[in-house]
Protein chains: 2
Amino acid sequence: MSEKRTFSISELSQEFDVTTRSIRFYEDQGLLKPNRRGQTRIFSTKDRVRLKLILRGKRMGFSLAETKELFDLWDETLTGNEKQLLKMLEILSARREQLEQQKEDIAMAEMEMDTAEARCREALTELQKKKEEQGLTTNTKETAVSK
Amino acid sequence: MSEKRTFSISELSQEFDVTTRSIRFYEDQGLLKPNRRGQTRIFSTKDRVRLKLILRGKRMGFSLAETKELFDLWDETLTGNEKQLLKMLEILSARREQLEQQKEDIAMAEMEMDTAEARCREALTELQKKKEEQGLTTNTKETAVSK
DNA sequence: AAAACACTTTACGTTTACGTAAACTTTAAC
DNA sequence: GTTAAAGTTTACGTAAACGTAAAGTGTTTT
């Protein structure tokens with residue numbers, strides 16, 4: 001079912017385009033807990049998923065601390081007493097609000113980019129016109145001279 | 001047309017829930033350019049819009065430097081030679097890609113939150129069942145004892 | 001005009017998220 | 001078996017985004 005592959009630090013580093021330094025840092029901060037063979041880190045598919053979540057979180061503007069909080073809470077939740085479960089539900093709902101906010105932000109940004117792009121294109125065609133006019137007059141001059 | 005109100009630093013601070021320190025910092029970094037009456041900063045509606053953009057940018061994971069770059073570029077663009085305009089169009093298109101990525105991220109996050117919430121609710125109802133069973137047995141015991 | 005209050009500059013401190021270098025060990029390749 | 005490649009720890013450095021304190025300058029309220 002859940003694949004049992006393992007990954008080296010450099011494999012993950014390449015796949016997700018992060019430095020090994022970053023990955024070790026994430027471990028240091030308690031976000032990843034790879035096994036070891038001797039000194040060497042052996043990452044499981046679970047670690048891989050977590051790394052993916054960390055990076056997505058970053059793209060979404062979450063700090064490592066926030067992401068870690070979520071991870072920890074989820075782990076606690078799985079052992080699950082009622083209080084933990086309810087807290088998790090609260091947090092999930094709070095996150096949903098954040099996501100809604102972000103969607104709004106994105107929609108606004110898209111609209112503004114539409115108008116910005118429109119203005120750019122207008123300005124460009126304006127410039128084109130002027131160029132053409134210029135081009136024509138120089139041409140007439142040249143032909144006039146060449147006669 | 002474009003309102004001619006002005007704002008004090010504390011007005012903006014309150015309206016957008018940022019510290020005055022942050023606002024001054026944004027000015028320091030060249031993101032805001034309020035007028036002065038003596039020493040005192042007088043913010044225009046344009047400044048207000050920019051502050052709004054800065055904060056939205058932050059929520060979307062943009063650094064102040066990135067936001068500043070956009071502001072500067074837009075200012076340059078308005079004076080508009082062709083090169084600037086084309087560069088702006090490129091940047092806009094790059095931003096759109098980023099936005100698409102973010103939308104994907106949000107969609108993924110929402111899906112995962114759905115399944116997470118479902119698991120939580122399952123676990124909760126499980127606990128409820130156990131409680132009810134417990135409740136029933138204790139009741140029978142109690143009634144048995146109280147007889 | 002004195003007190004209270006908002007605003008200012010200057011400057012050092014702090015946290016986050018790594019980069020970078022040094023010196024060492026383990027593993028893989030020849 | 002040694003050399004190269006990849007991995008490790010330790011530790012100091014850095015950029016971004018403010019926080020915070022100090023000390024001064026208006027301004028307005030009583």
# chains A, B, ... in the order shown; residues from 1 in each chain; ligands from 1
call {"tool": "interface_residues", "arguments": {"of": "chain B", "to": "chain D", "cutoff": "10 Å", "atoms": "only C-alpha atoms (C1' of nucleotides)", "output": "list in words"}}
result
Thr19, Arg21, Ser22, Phe25, Tyr26, Gly38, Gln39, Thr40, Ser63, Leu64 and Ala65 of chain B
call {"tool": "write_last_selection", "arguments": {"atoms": "C-alpha atoms", "output": "mmCIF file, in the first residue's frame"}}
result
data_model
loop_
_atom_site.group_PDB
_atom_site.id
_atom_site.type_symbol
_atom_site.label_atom_id
_atom_site.label_comp_id
_atom_site.auth_asym_id
_atom_site.auth_seq_id
_atom_site.Cartn_x
_atom_site.Cartn_y
_atom_site.Cartn_z
ATOM 1 C CA THR B 19 2.665 49.191 13.940
ATOM 2 C CA ARG B 21 7.308 51.186 13.315
ATOM 3 C CA SER B 22 6.490 48.990 10.342
ATOM 4 C CA PHE B 25 10.283 50.906 8.016
ATOM 5 C CA TYR B 26 8.430 50.597 4.730
ATOM 6 C CA GLY B 38 7.746 69.843 9.084
ATOM 7 C CA GLN B 39 8.835 66.478 10.426
ATOM 8 C CA THR B 40 5.420 64.924 10.426
ATOM 9 C CA SER B 63 9.113 40.031 0.330
ATOM 10 C CA LEU B 64 9.254 43.784 0.704
ATOM 11 C CA ALA B 65 12.051 43.838 -1.850
#
call {"tool": "interface_residues", "arguments": {"of": "chain B", "to": "chain A", "cutoff": "8 Å", "atoms": "only C-alpha atoms", "output": "list in words"}}
result
Arg56, Lys58, Arg59, Met60, Gly61, Thr77, Gly80, Glu82, Leu85, Met88, Leu89, Leu92, Arg96, Leu99, Gln102, Lys103, Asp105, Ile106, Glu110, Met113, Glu117, Cys120, Ala123, Leu124 and Leu127 of chain B
call {"tool": "atom_distance", "arguments": {"atom1": "atom CA of Gln29 of chain A", "atom2": "atom C1' of DC12 of chain C"}}
result
27.6 Å
call {"tool": "atom_distance", "arguments": {"atom1": "atom CA of Glu126 of chain A", "atom2": "atom CA of Leu73 of chain B"}}
result
19.2 Å
call {"tool": "interface_residues", "arguments": {"of": "chain B", "to": "chain C", "cutoff": "12 Å", "atoms": "only C-alpha atoms (C1' of nucleotides)", "output": "number ranges by chain"}}
result
B: 8-11, 20-21, 24, 28, 36-42
call {"tool": "atom_distance", "arguments": {"atom1": "atom CA of Asp72 of chain A", "atom2": "atom CA of Lys52 of chain A"}}
result
16.1 Å
call {"tool": "select_by_dssp", "arguments": {"residues": "chain B", "states": "strand (DSSP E or B)", "output": "JSON, numbers by chain"}}
result
{"B": [6, 7, 35, 36, 37, 40, 41, 42, 43, 44]}
call {"tool": "residues_around", "arguments": {"residues": "segment 12-18 of chain B", "least_positions_apart": "4", "cutoff": "10 Å", "atoms": "only C-alpha atoms (C1' of nucleotides)", "output": "list in words"}}
result
Phe7, Ser8, Ser22, Ile23, Phe43, Asp47, Arg48, Leu51, Lys52 and Leu55 of chain B
call {"tool": "closest_residue", "arguments": {"among": "A:Lys87, A:Glu97, A:Arg5, A:Thr115", "to": "Thr45 of chain A", "atoms": "only C-alpha atoms"}}
result
A:Arg5
